[in-house]
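Undergrad: I have a structure here, written as structure tokens, and I will follow up with some questions on it.
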Amino acid sequence: MDHRSSIEINTEWDIVAARQLGRNEAKSTGFGTVDQARITTAISELARNIYLYAGKGKIEIEPITVGQRTGLLIIASDEGPGIADLQKVMEDGYTTSGGLGAGMPGVKRLMDDFRIETEVGVGTTITATKWLH
Amino acid sequence: MNLQVEQVDKDLVHNFKIIGEIDIYTAPKLKEHLTNLEQAEGMEVELDLSEVNYMDSTGLGVFVGFYKEVKAHNGKMVIKGLNQRLYRLFEITGLSEIMQIKEIEGGEDHASV
Amino acid sequence: MPQEAGLQYKQMLDNYLRSQGEEDLYLGQQFSRSFIEKKIAPEDVISIHKTSIEELIKDLPSEVSVSFDFLIEMMIHYGLALKEHQSLIRKQEAIQMEMDVAVKVQNTLLQTATPEVNGLDIGWISRPAKRMNGDYVYFLNETSNEVCLAVADIIGKGMSAAMHMSMVKFGMDSLRYEKRSPSHVLSFINNMIEKSISDSMFISMFYGKYDTDTATFRYSSAGHEPALFYRAAEKSFTQLESKGLLLGVQEGANYEERTVKLEKDDYIAIMTDGVSETRTEKGFIEMDVIEDLLHHVKSESAQVMVDYLFNELSRMQDYQLRDDFTLVILKKTK
């Protein structure tokens with residue numbers, strides 16, 4: 001098993017730290033410039049959502065190998081209010097994005113695998129993976 | 001199009017002054033203000049429409065909905081300051097027969113209970 | 001595949017750097033289509049540009065090279081917004097199709113045939129401001145010497161109005177052949193819908209019944225606009241008012257019923273507030289304008305009259321209806 005790095009998200013500046021960590025990990029895993037930027041943008045959105053809606057939480061990043069495939073796993077978790085309507089959050093044009101391409105649909109587009117586990121009043125964990133092609 | 005709702009409460013009567021046009025676009029805002037009001041048993045609400053010069057059926061719908069709610073709590077709703085055109089609207093729709101309306105601009109009171 | 005596109009792009013860029021000609025720009029524009037077709041994202045295009053220019057200019061300042069990384073970062077978000085936009089357009093198309101179906105259902109379900117009545121000329125028009133109509137006209141021809149007519153206006157527009165309208169229609173159908181008076185019909189429908197309508201919804205409705213034997217028109221109104229009654233002998237209009245509360249507000253409401261007798265060339269115009277509350281840039285159209293317009297075409301058939309009024313009033317609103325427009329004219333011909 002590879003190492004797993006982690007950043008606590010408490011302030012807006014922690015978003016920048018999470019981005020930096022993501023970019024370094026993406027680079028050392030072997031991703032090209034554009035995919036590095038995609039992974040970083042996804043981390044940025046996830047961290048920002050934690051900061052805005054849960055107040056605090058953490059971002060974990062881990063290089064993974066499954067069979068022949070190598071990739072980068074990102075786990076964003078918080079103990080915030082949780083998401084009551086997942087379908088709505090994943091809908092294009094939902095208010096958090098406001099048609100600006102951000103939000104959860106944006107993260108899903110940037111990454112290859114994406115899943116949300118959430119419980120109202122308990123928290124949310126989002127797992128996303130980008131594979132090296 | 002603009003709509004302003006001011007709330008001034010005095011002597012246990014909730015007073016609302018509504019300023020602007022009430023139509024399909026502004027009606028949701030008015031509805032929000034009125035539904036935010038916690039319904040207490042026997043409560044009294046006075047709605048001042050003296051600075052409303054236009055209202056369409058959606059606006060009327062907000063008052064009908066609010067009237068039903070107040071009545072369900074044995075409360076009292078009074079509408080005042082209607083201009084002639086608006087009063088005519090309440091009259092045609094038969095609402096002036098069930099709602100209490102007073103101080104009509106340029107006319108005598110048509111109070112009814 | 002991006003490599004292949006990358007090689008072509010580099011070649012084209014090289015040509016342009018040498019010539020700086022319009023032709024190369026034109027080829028570039030054409031080539032950008034293939035990027036879109038191959039679904040190459042904006043950030044990938046910049047990455048291709050960065051690689052190409054680094055290879056073409058050996059001593060490219062590193063700041064310029066790095067500046068493309070900055071641009072890539074920016075373009076990722078642009079690309080996402082673009083994809084979201086495309087997905088929203090697809091969604092809108094789907095909604096549009098559902099709407100088309102709903103309009104068709106409304107038109108089929110709520111269609112009504114203009115009855116043939118001896119000695120009575122009937123003309124009517126009902127045009128929605130948007131796609132779904134919140135106004136409703138329904139004729140019931142119970143016997144050969146009697147015709148019933150309902151004109152209703154459901155609060156709000158669109159889908160919800162159309163759904164509530166079908167309640168009204170089925171309410172009236174269920175009373176068919178029962179020879180109920182207008183005030184009974186309104187009481188029945190009021191009690192029926194009061195239970196199933198949301199708190200801030202209501203319907204206004206005018207219901208009339210014309211008897212050819214006696215040439216009398218009995219009518220009741222549930223909070224609806226008064227109808228206009230033109231007496232040819234006096235060349236003047238009166239308003240047909242009748243007391244009654246909007247439908248759906250209070251259970252057990254009572255509806256007054258009145259009767260007028262028609263003579264030859266007399267007519268009754270029943271309308272919704274889309275006609276009587278016509279609003280133009282300059283303000284409201286007053287009732288006397290409508291009366292003047294009607295007077296102008298009083299010798300025409302009822303259908304010509306309603307069409308004329310619609311054309312004139314919609315012209316006054318610059319052909320942009322602000323509300324659904326419904327007008328029915330009943331004219332005694334002999």
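Each chain in the structure tokens gets a letter, A, B, ..., in the order shown, and its residues are numbered from 1; ligands are numbered from 1 in order too.
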Taking only C-alpha atoms into account, what are the residues of chain A at most 12 Å from chain C, put as JSON, numbers by chain?
TA: {"A": [19, 23, 32, 33, 34, 35, 36, 37, 38, 39, 40, 41, 42, 44, 45, 90, 91, 92, 93, 94, 97, 98, 99, 100, 101, 102, 103, 104, 105, 106, 107, 108, 109, 110, 111]}
Undergrad: Just write the chosen residues, N, CA and C atoms, as an mmCIF file, in the first residue's frame.
TA:
data_model
loop_
_atom_site.group_PDB
_atom_site.id
_atom_site.type_symbol
_atom_site.label_atom_id
_atom_site.label_comp_id
_atom_site.auth_asym_id
_atom_site.auth_seq_id
_atom_site.Cartn_x
_atom_site.Cartn_y
_atom_site.Cartn_z
ATOM 1 N N ARG A 19 -4.553 22.006 -2.676
ATOM 2 C CA ARG A 19 -4.240 22.071 -4.104
ATOM 3 C C ARG A 19 -2.770 21.714 -4.335
ATOM 4 N N ARG A 23 -1.305 18.671 -6.508
ATOM 5 C CA ARG A 23 -0.497 18.852 -7.711
ATOM 6 C C ARG A 23 0.815 18.065 -7.609
ATOM 7 N N GLY A 32 0.422 14.211 -16.733
ATOM 8 C CA GLY A 32 0.878 15.349 -17.521
ATOM 9 C C GLY A 32 0.333 16.650 -16.953
ATOM 10 N N THR A 33 0.797 17.762 -17.522
ATOM 11 C CA THR A 33 0.434 19.080 -16.985
ATOM 12 C C THR A 33 -1.079 19.290 -16.917
ATOM 13 N N VAL A 34 -1.780 18.910 -18.012
ATOM 14 C CA VAL A 34 -3.209 19.187 -18.059
ATOM 15 C C VAL A 34 -3.961 18.359 -17.020
ATOM 16 N N ASP A 35 -3.591 17.068 -16.908
ATOM 17 C CA ASP A 35 -4.263 16.241 -15.896
ATOM 18 C C ASP A 35 -3.910 16.679 -14.480
ATOM 19 N N GLN A 36 -2.698 17.160 -14.297
ATOM 20 C CA GLN A 36 -2.328 17.719 -12.981
ATOM 21 C C GLN A 36 -3.280 18.859 -12.630
ATOM 22 N N ALA A 37 -3.497 19.697 -13.637
ATOM 23 C CA ALA A 37 -4.370 20.857 -13.408
ATOM 24 C C ALA A 37 -5.815 20.401 -13.158
ATOM 25 N N ARG A 38 -6.244 19.336 -13.848
ATOM 26 C CA ARG A 38 -7.615 18.836 -13.646
ATOM 27 C C ARG A 38 -7.788 18.289 -12.233
ATOM 28 N N ILE A 39 -6.819 17.492 -11.816
ATOM 29 C CA ILE A 39 -6.883 16.906 -10.469
ATOM 30 C C ILE A 39 -6.891 18.020 -9.421
ATOM 31 N N THR A 40 -6.026 19.019 -9.653
ATOM 32 C CA THR A 40 -5.943 20.137 -8.703
ATOM 33 C C THR A 40 -7.265 20.902 -8.630
ATOM 34 N N THR A 41 -7.857 21.116 -9.802
ATOM 35 C CA THR A 41 -9.140 21.836 -9.814
ATOM 36 C C THR A 41 -10.208 21.043 -9.057
ATOM 37 N N ALA A 42 -10.214 19.712 -9.255
ATOM 38 C CA ALA A 42 -11.194 18.870 -8.554
ATOM 39 C C ALA A 42 -10.990 18.969 -7.040
ATOM 40 N N SER A 44 -9.620 21.364 -5.433
ATOM 41 C CA SER A 44 -9.984 22.720 -5.059
ATOM 42 C C SER A 44 -11.490 22.824 -4.817
ATOM 43 N N GLU A 45 -12.287 22.261 -5.729
ATOM 44 C CA GLU A 45 -13.746 22.302 -5.594
ATOM 45 C C GLU A 45 -14.211 21.527 -4.367
ATOM 46 N N MET A 90 -26.123 16.689 -7.903
ATOM 47 C CA MET A 90 -25.422 16.203 -9.093
ATOM 48 C C MET A 90 -26.019 16.754 -10.385
ATOM 49 N N GLU A 91 -27.044 17.577 -10.256
ATOM 50 C CA GLU A 91 -27.706 18.120 -11.438
ATOM 51 C C GLU A 91 -26.938 19.322 -11.981
ATOM 52 N N ASP A 92 -26.806 19.367 -13.297
ATOM 53 C CA ASP A 92 -26.172 20.544 -13.898
ATOM 54 C C ASP A 92 -27.029 21.769 -13.651
ATOM 55 N N GLY A 93 -26.362 22.887 -13.412
ATOM 56 C CA GLY A 93 -27.107 24.136 -13.248
ATOM 57 C C GLY A 93 -27.658 24.336 -11.851
ATOM 58 N N TYR A 94 -27.341 23.406 -10.935
ATOM 59 C CA TYR A 94 -27.804 23.576 -9.557
ATOM 60 C C TYR A 94 -27.109 24.798 -8.953
ATOM 61 N N SER A 97 -23.396 25.809 -8.403
ATOM 62 C CA SER A 97 -22.589 26.083 -9.581
ATOM 63 C C SER A 97 -23.094 27.328 -10.298
ATOM 64 N N GLY A 98 -24.402 27.459 -10.390
ATOM 65 C CA GLY A 98 -24.985 28.612 -11.063
ATOM 66 C C GLY A 98 -24.582 28.699 -12.521
ATOM 67 N N GLY A 99 -24.400 27.538 -13.149
ATOM 68 C CA GLY A 99 -24.063 27.532 -14.567
ATOM 69 C C GLY A 99 -22.616 27.874 -14.848
ATOM 70 N N LEU A 100 -21.774 27.819 -13.794
ATOM 71 C CA LEU A 100 -20.363 28.157 -13.997
ATOM 72 C C LEU A 100 -19.475 26.916 -14.050
ATOM 73 N N GLY A 101 -20.113 25.774 -14.200
ATOM 74 C CA GLY A 101 -19.342 24.557 -14.405
ATOM 75 C C GLY A 101 -18.708 24.000 -13.139
ATOM 76 N N ALA A 102 -18.925 24.659 -12.021
ATOM 77 C CA ALA A 102 -18.281 24.192 -10.789
ATOM 78 C C ALA A 102 -19.156 23.165 -10.094
ATOM 79 N N GLY A 103 -18.919 22.944 -8.823
ATOM 80 C CA GLY A 103 -19.759 22.040 -8.052
ATOM 81 C C GLY A 103 -19.459 20.580 -8.336
ATOM 82 N N MET A 104 -20.334 19.707 -7.829
ATOM 83 C CA MET A 104 -20.087 18.271 -7.932
ATOM 84 C C MET A 104 -20.098 17.750 -9.366
ATOM 85 N N PRO A 105 -21.008 18.230 -10.250
ATOM 86 C CA PRO A 105 -20.953 17.718 -11.622
ATOM 87 C C PRO A 105 -19.603 18.025 -12.273
ATOM 88 N N GLY A 106 -19.029 19.166 -11.935
ATOM 89 C CA GLY A 106 -17.719 19.553 -12.466
ATOM 90 C C GLY A 106 -16.644 18.588 -12.000
ATOM 91 N N VAL A 107 -16.650 18.256 -10.706
ATOM 92 C CA VAL A 107 -15.652 17.329 -10.158
ATOM 93 C C VAL A 107 -15.783 15.975 -10.857
ATOM 94 N N LYS A 108 -17.031 15.548 -11.036
ATOM 95 C CA LYS A 108 -17.268 14.256 -11.690
ATOM 96 C C LYS A 108 -16.691 14.250 -13.115
ATOM 97 N N ARG A 109 -16.842 15.371 -13.804
ATOM 98 C CA ARG A 109 -16.330 15.447 -15.183
ATOM 99 C C ARG A 109 -14.809 15.414 -15.221
ATOM 100 N N LEU A 110 -14.174 16.014 -14.200
ATOM 101 C CA LEU A 110 -12.717 16.106 -14.196
ATOM 102 C C LEU A 110 -12.057 14.777 -13.839
ATOM 103 N N MET A 111 -12.760 13.968 -13.049
ATOM 104 C CA MET A 111 -12.178 12.722 -12.571
ATOM 105 C C MET A 111 -12.767 11.530 -13.348
#
Undergrad: Might you pull out every residue within 12 Å of Asp9 in chain B, with only C-alpha atoms counted and same-chain residues fewer than 5 positions away left off, and present them as a PDB file with C-alpha atoms, in the first residue's frame?
TA:
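The new file around-v1.pdb reads:
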ATOM      1  CA  HIS B  14     -49.203  42.689  13.040  1.00  0.00           C
ATOM      2  CA  ASN B  15     -49.066  45.540  10.561  1.00  0.00           C
ATOM      3  CA  PHE B  16     -47.742  45.080   7.078  1.00  0.00           C
ATOM      4  CA  LYS B  17     -47.263  47.910   4.633  1.00  0.00           C
ATOM      5  CA  LEU B  37     -45.239  35.202  10.347  1.00  0.00           C
ATOM      6  CA  MET B  43     -53.946  36.772  15.979  1.00  0.00           C
ATOM      7  CA  GLU B  44     -54.738  40.010  14.161  1.00  0.00           C
ATOM      8  CA  VAL B  45     -53.082  41.114  10.960  1.00  0.00           C
ATOM      9  CA  GLU B  46     -53.543  44.387   9.159  1.00  0.00           C
ATOM     10  CA  LEU B  47     -52.352  44.757   5.576  1.00  0.00           C
TER      11      LEU B  47
END
Undergrad: Kindly provide, as a list in words, the residues of chain B having any atom no farther than 6 Å from an atom of chain C, counting only C-alpha atoms.
TA: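 Here is what falls inside 6 Å: Ser57, Gly61, Val62, Val64, Gly65, Ile92, Thr93 and Gly94 of chain B.
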Undergrad: Tell me which protein, DNA and RNA residues are within 7 Å of Glu51 in chain B, counting only C-alpha atoms, leaving out same-chain ones fewer than 5 positions away, and put them as a PyMOL selection string.
TA: chain B and resi 18-20
Undergrad: So which residues touch Ile22 in chain B within 7 Å, counting only C-alpha atoms, skipping near sequence neighbours fewer than 6 positions away, as a CSV table (one decimal) with N, CA and C atoms, in the first residue's frame?
TA:
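Printed below is result.csv as written:
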chain,number,residue,atom,x,y,z
B,54,TYR,N,-51.0,48.3,-8.4
B,54,TYR,CA,-51.4,47.2,-9.4
B,54,TYR,C,-51.3,45.8,-8.7
B,55,MET,N,-52.2,45.0,-9.0
B,55,MET,CA,-52.1,43.6,-8.5
B,55,MET,C,-52.8,42.7,-9.5
B,56,ASP,N,-52.2,41.6,-9.8
B,56,ASP,CA,-52.9,40.6,-10.7
B,56,ASP,C,-53.4,39.5,-9.9
B,59,GLY,N,-51.3,37.8,-7.2
B,59,GLY,CA,-51.3,38.6,-6.0
B,59,GLY,C,-52.5,38.3,-5.1
Undergrad: What gap, in Å, lies between CA of Gly274 in chain C and CA of Asp323 in chain C?
TA: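 These two atoms are separated by 4.9 Å.
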Undergrad: Could you list, as a list in words, every residue within 9 Å of Ile48 in chain C, counting only C-alpha atoms and ignoring same-chain residues fewer than 2 positions away?
TA: Pro2, Gln3, Ala5, Gly6, Leu7, Tyr9, Lys10, Glu43, Asp44, Val45, Ile46, Lys50, Thr51, Ser52 and Ile53 of chain C
Undergrad: Got time to write the residues from that selection, N, CA and C atoms, as a PDB file, in the first residue's frame?
TA:
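Result file follows (selection.pdb):
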ATOM      1  N   PRO C   2      -4.961  12.814 -29.679  1.00  0.00           N
ATOM      2  CA  PRO C   2      -4.481  14.173 -29.477  1.00  0.00           C
ATOM      3  C   PRO C   2      -3.075  14.373 -30.066  1.00  0.00           C
ATOM      4  N   GLN C   3      -2.231  13.286 -30.054  1.00  0.00           N
ATOM      5  CA  GLN C   3      -0.889  13.426 -30.630  1.00  0.00           C
ATOM      6  C   GLN C   3      -0.978  13.776 -32.103  1.00  0.00           C
ATOM      7  N   ALA C   5      -3.511  15.134 -33.687  1.00  0.00           N
ATOM      8  CA  ALA C   5      -4.001  16.509 -33.814  1.00  0.00           C
ATOM      9  C   ALA C   5      -2.890  17.489 -33.456  1.00  0.00           C
ATOM     10  N   GLY C   6      -2.071  17.107 -32.489  1.00  0.00           N
ATOM     11  CA  GLY C   6      -0.963  17.951 -32.055  1.00  0.00           C
ATOM     12  C   GLY C   6       0.036  18.183 -33.167  1.00  0.00           C
ATOM     13  N   LEU C   7       0.359  17.121 -33.918  1.00  0.00           N
ATOM     14  CA  LEU C   7       1.315  17.247 -35.021  1.00  0.00           C
ATOM     15  C   LEU C   7       0.770  18.180 -36.101  1.00  0.00           C
ATOM     16  N   TYR C   9      -1.477  20.480 -35.699  1.00  0.00           N
ATOM     17  CA  TYR C   9      -1.562  21.831 -35.152  1.00  0.00           C
ATOM     18  C   TYR C   9      -0.196  22.511 -35.244  1.00  0.00           C
ATOM     19  N   LYS C  10       0.848  21.748 -34.876  1.00  0.00           N
ATOM     20  CA  LYS C  10       2.197  22.310 -34.891  1.00  0.00           C
ATOM     21  C   LYS C  10       2.570  22.755 -36.315  1.00  0.00           C
ATOM     22  N   GLU C  43      -8.568  23.171 -22.452  1.00  0.00           N
ATOM     23  CA  GLU C  43      -7.267  23.107 -21.781  1.00  0.00           C
ATOM     24  C   GLU C  43      -6.280  22.231 -22.547  1.00  0.00           C
ATOM     25  N   ASP C  44      -6.801  21.206 -23.255  1.00  0.00           N
ATOM     26  CA  ASP C  44      -5.921  20.354 -24.056  1.00  0.00           C
ATOM     27  C   ASP C  44      -5.405  21.108 -25.268  1.00  0.00           C
ATOM     28  N   VAL C  45      -6.251  21.980 -25.829  1.00  0.00           N
ATOM     29  CA  VAL C  45      -5.827  22.776 -26.981  1.00  0.00           C
ATOM     30  C   VAL C  45      -4.653  23.673 -26.579  1.00  0.00           C
ATOM     31  N   ILE C  46      -4.750  24.266 -25.385  1.00  0.00           N
ATOM     32  CA  ILE C  46      -3.669  25.135 -24.930  1.00  0.00           C
ATOM     33  C   ILE C  46      -2.396  24.321 -24.673  1.00  0.00           C
ATOM     34  N   LYS C  50       1.130  24.893 -26.313  1.00  0.00           N
ATOM     35  CA  LYS C  50       2.341  25.067 -25.508  1.00  0.00           C
ATOM     36  C   LYS C  50       3.459  24.149 -26.028  1.00  0.00           C
ATOM     37  N   THR C  51       3.130  22.868 -26.216  1.00  0.00           N
ATOM     38  CA  THR C  51       4.127  21.915 -26.712  1.00  0.00           C
ATOM     39  C   THR C  51       4.643  22.331 -28.083  1.00  0.00           C
ATOM     40  N   SER C  52       3.711  22.744 -28.967  1.00  0.00           N
ATOM     41  CA  SER C  52       4.107  23.128 -30.326  1.00  0.00           C
ATOM     42  C   SER C  52       5.065  24.315 -30.305  1.00  0.00           C
ATOM     43  N   ILE C  53       4.716  25.341 -29.541  1.00  0.00           N
ATOM     44  CA  ILE C  53       5.515  26.565 -29.576  1.00  0.00           C
ATOM     45  C   ILE C  53       6.880  26.335 -28.923  1.00  0.00           C
TER      46      ILE C  53
END
Undergrad: So that I can check the surroundings of Thr118 in chain A, please list as a VMD selection string every protein, DNA and RNA residue that reaches within 10 Å of it, counting only C-alpha atoms and ignoring chain neighbours fewer than 6 positions away.
TA: chain A and resid 77 to 86 124 to 126
Undergrad: Would you output that residue set with C-alpha atoms, as a tab-separated table (two decimals), in the first residue's frame?
TA:
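The file below, out25.tsv, is the result:
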chain	number	residue	atom	x	y	z
A	77	SER	CA	-14.69	13.92	4.10
A	78	ASP	CA	-16.51	16.09	6.59
A	79	GLU	CA	-18.89	15.79	9.49
A	80	GLY	CA	-21.11	18.57	8.18
A	81	PRO	CA	-24.86	18.68	7.57
A	82	GLY	CA	-24.81	16.02	4.84
A	83	ILE	CA	-26.65	16.21	1.53
A	84	ALA	CA	-30.42	15.70	1.61
A	85	ASP	CA	-30.98	15.51	-2.13
A	86	LEU	CA	-28.10	13.88	-3.96
A	124	THR	CA	-20.33	13.42	3.64
A	125	THR	CA	-17.50	11.43	2.10
A	126	ILE	CA	-16.64	11.88	-1.55
Undergrad: Can you pull out every residue within 12 Å of Gly22 in chain A, counting only C-alpha atoms, but drop anything in the same chain fewer than 6 positions away, and send it as a tab-separated table (two decimals) with N, CA and C atoms, in the first residue's frame?
TA:
chain	number	residue	atom	x	y	z
A	4	ARG	N	-0.47	7.68	2.22
A	4	ARG	CA	-1.65	8.53	2.09
A	4	ARG	C	-1.36	9.86	2.79
A	5	SER	N	-1.46	10.97	2.03
A	5	SER	CA	-1.23	12.27	2.65
A	5	SER	C	-2.57	12.92	2.94
A	6	SER	N	-2.56	13.80	3.91
A	6	SER	CA	-3.83	14.37	4.36
A	6	SER	C	-3.68	15.84	4.73
A	7	ILE	N	-4.69	16.61	4.43
A	7	ILE	CA	-4.72	18.04	4.79
A	7	ILE	C	-6.05	18.33	5.48
A	15	ILE	N	-7.36	25.40	1.52
A	15	ILE	CA	-7.71	24.96	0.17
A	15	ILE	C	-6.47	25.02	-0.72
A	16	VAL	N	-5.70	26.10	-0.55
A	16	VAL	CA	-4.47	26.26	-1.34
A	16	VAL	C	-3.48	25.16	-1.01
A	28	SER	N	4.13	13.41	-9.26
A	28	SER	CA	4.99	12.27	-8.95
A	28	SER	C	4.36	10.94	-9.37
A	29	THR	N	3.01	10.93	-9.51
A	29	THR	CA	2.36	9.72	-10.00
A	29	THR	C	2.57	9.57	-11.51
A	31	PHE	N	1.29	12.06	-13.95
A	31	PHE	CA	0.29	12.75	-14.78
A	31	PHE	C	0.92	13.93	-15.52
A	35	ASP	N	-3.59	17.07	-16.91
A	35	ASP	CA	-4.26	16.24	-15.90
A	35	ASP	C	-3.91	16.68	-14.48
A	36	GLN	N	-2.70	17.16	-14.30
A	36	GLN	CA	-2.33	17.72	-12.98
A	36	GLN	C	-3.28	18.86	-12.63
A	37	ALA	N	-3.50	19.70	-13.64
A	37	ALA	CA	-4.37	20.86	-13.41
A	37	ALA	C	-5.82	20.40	-13.16
A	38	ARG	N	-6.24	19.34	-13.85
A	38	ARG	CA	-7.61	18.84	-13.65
A	38	ARG	C	-7.79	18.29	-12.23
A	39	ILE	N	-6.82	17.49	-11.82
A	39	ILE	CA	-6.88	16.91	-10.47
A	39	ILE	C	-6.89	18.02	-9.42
A	40	THR	N	-6.03	19.02	-9.65
A	40	THR	CA	-5.94	20.14	-8.70
A	40	THR	C	-7.26	20.90	-8.63
A	41	THR	N	-7.86	21.12	-9.80
A	41	THR	CA	-9.14	21.84	-9.81
A	41	THR	C	-10.21	21.04	-9.06
A	42	ALA	N	-10.21	19.71	-9.26
A	42	ALA	CA	-11.19	18.87	-8.55
A	42	ALA	C	-10.99	18.97	-7.04
A	43	ILE	N	-9.74	18.88	-6.60
A	43	ILE	CA	-9.44	18.98	-5.16
A	43	ILE	C	-9.89	20.34	-4.64
A	44	SER	N	-9.62	21.36	-5.43
A	44	SER	CA	-9.98	22.72	-5.06
A	44	SER	C	-11.49	22.82	-4.82
A	46	LEU	N	-13.61	20.34	-4.17
A	46	LEU	CA	-14.01	19.51	-3.02
A	46	LEU	C	-13.69	20.22	-1.71
A	47	ALA	N	-12.48	20.81	-1.65
A	47	ALA	CA	-12.06	21.49	-0.42
A	47	ALA	C	-12.93	22.73	-0.17
A	59	ILE	N	-9.02	16.50	3.36
A	59	ILE	CA	-8.77	15.96	2.02
A	59	ILE	C	-7.61	14.98	2.15
A	60	GLU	N	-7.83	13.76	1.66
A	60	GLU	CA	-6.73	12.77	1.68
A	60	GLU	C	-6.40	12.39	0.24
A	61	ILE	N	-5.13	12.21	-0.02
A	61	ILE	CA	-4.69	11.89	-1.38
A	61	ILE	C	-3.77	10.68	-1.33
A	62	GLU	N	-4.05	9.71	-2.23
A	62	GLU	CA	-3.27	8.47	-2.18
A	62	GLU	C	-3.04	7.90	-3.58
A	63	PRO	N	-1.78	7.69	-3.95
A	63	PRO	CA	-1.52	7.02	-5.23
A	63	PRO	C	-1.92	5.55	-5.10
A	72	LEU	N	-4.66	8.12	-8.99
A	72	LEU	CA	-4.62	8.93	-7.77
A	72	LEU	C	-6.02	8.96	-7.17
A	73	LEU	N	-6.08	8.60	-5.89
A	73	LEU	CA	-7.36	8.55	-5.19
A	73	LEU	C	-7.49	9.78	-4.29
A	74	ILE	N	-8.63	10.43	-4.36
A	74	ILE	CA	-8.87	11.60	-3.50
A	74	ILE	C	-10.09	11.33	-2.63
A	75	ILE	N	-9.93	11.53	-1.34
A	75	ILE	CA	-11.07	11.35	-0.44
A	75	ILE	C	-11.32	12.68	0.29
A	130	LYS	N	-8.57	9.43	-10.43
A	130	LYS	CA	-8.15	9.72	-11.80
A	130	LYS	C	-7.11	8.66	-12.17
Undergrad: Where does DSSP see alpha helix (DSSP H) in chain A, if you list the residues as a ChimeraX atom specification?
TA: /A:12-29,33-49,86-89,103-110
Undergrad: What does the structure give for the distance between CA of Arg315 in chain C and CA of Thr280 in chain C, in Å to one decimal?
TA: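 A separation of 9.7 Å between them.
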Undergrad: In Å, how far is it from CA of Leu17 in chain C to CA of Ile57 in chain C?
TA: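 Spanning CA of Leu17 in chain C to CA of Ile57 in chain C is a straight-line distance of 10.3 Å.
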Undergrad: Determine the nearest neighbour of Glu8 in chain A from the options A:Gly30, A:Thr65, A:Ala76, A:Gly71, counting only C-alpha atoms.
TA: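 Among the listed residues, the smallest separation from Glu8 in chain A belongs to A:Ala76.
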Undergrad: From a backbone DSSP assignment, name each residue in chain A labelled strand (DSSP E or B), as number ranges by chain.
TA: A: 5-9, 57-66, 69-78, 113-119, 123-131
Undergrad: Keeping only C-alpha atoms, write the selected residues as a compact mmCIF listing (two decimals), in the first residue's frame.
TA:
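Result written to result-v8.txt:
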# COMPACT_ATOMS: atom_id res chain seq x y z
CA SER A 5 -1.23 12.27 2.65
CA SER A 6 -3.83 14.37 4.36
CA ILE A 7 -4.72 18.04 4.79
CA GLU A 8 -7.22 19.39 7.31
CA ILE A 9 -9.56 22.01 5.88
CA GLY A 57 -13.13 18.42 7.17
CA LYS A 58 -10.19 16.85 5.41
CA ILE A 59 -8.77 15.96 2.02
CA GLU A 60 -6.73 12.77 1.68
CA ILE A 61 -4.69 11.89 -1.38
CA GLU A 62 -3.27 8.47 -2.18
CA PRO A 63 -1.52 7.02 -5.23
CA ILE A 64 -3.08 3.63 -5.97
CA THR A 65 -2.44 0.64 -8.20
CA VAL A 66 -5.19 -1.74 -9.19
CA ARG A 69 -3.72 0.57 -13.64
CA THR A 70 -2.11 3.35 -11.67
CA GLY A 71 -4.01 6.35 -10.45
CA LEU A 72 -4.62 8.93 -7.77
CA LEU A 73 -7.36 8.55 -5.19
CA ILE A 74 -8.87 11.60 -3.50
CA ILE A 75 -11.07 11.35 -0.44
CA ALA A 76 -12.90 14.45 0.81
CA SER A 77 -14.69 13.92 4.10
CA ASP A 78 -16.51 16.09 6.59
CA ASP A 113 -14.47 7.54 -10.92
CA PHE A 114 -16.65 9.39 -8.49
CA ARG A 115 -18.87 8.42 -5.60
CA ILE A 116 -20.64 10.16 -2.74
CA GLU A 117 -21.66 8.69 0.59
CA THR A 118 -23.71 11.02 2.72
CA GLU A 119 -26.06 11.00 5.64
CA GLY A 123 -21.53 14.03 7.15
CA THR A 124 -20.33 13.42 3.64
CA THR A 125 -17.50 11.43 2.10
CA ILE A 126 -16.64 11.88 -1.55
CA THR A 127 -14.22 9.49 -3.25
CA ALA A 128 -12.81 10.32 -6.67
CA THR A 129 -10.10 8.66 -8.75
CA LYS A 130 -8.15 9.72 -11.80
CA TRP A 131 -6.38 6.98 -13.76
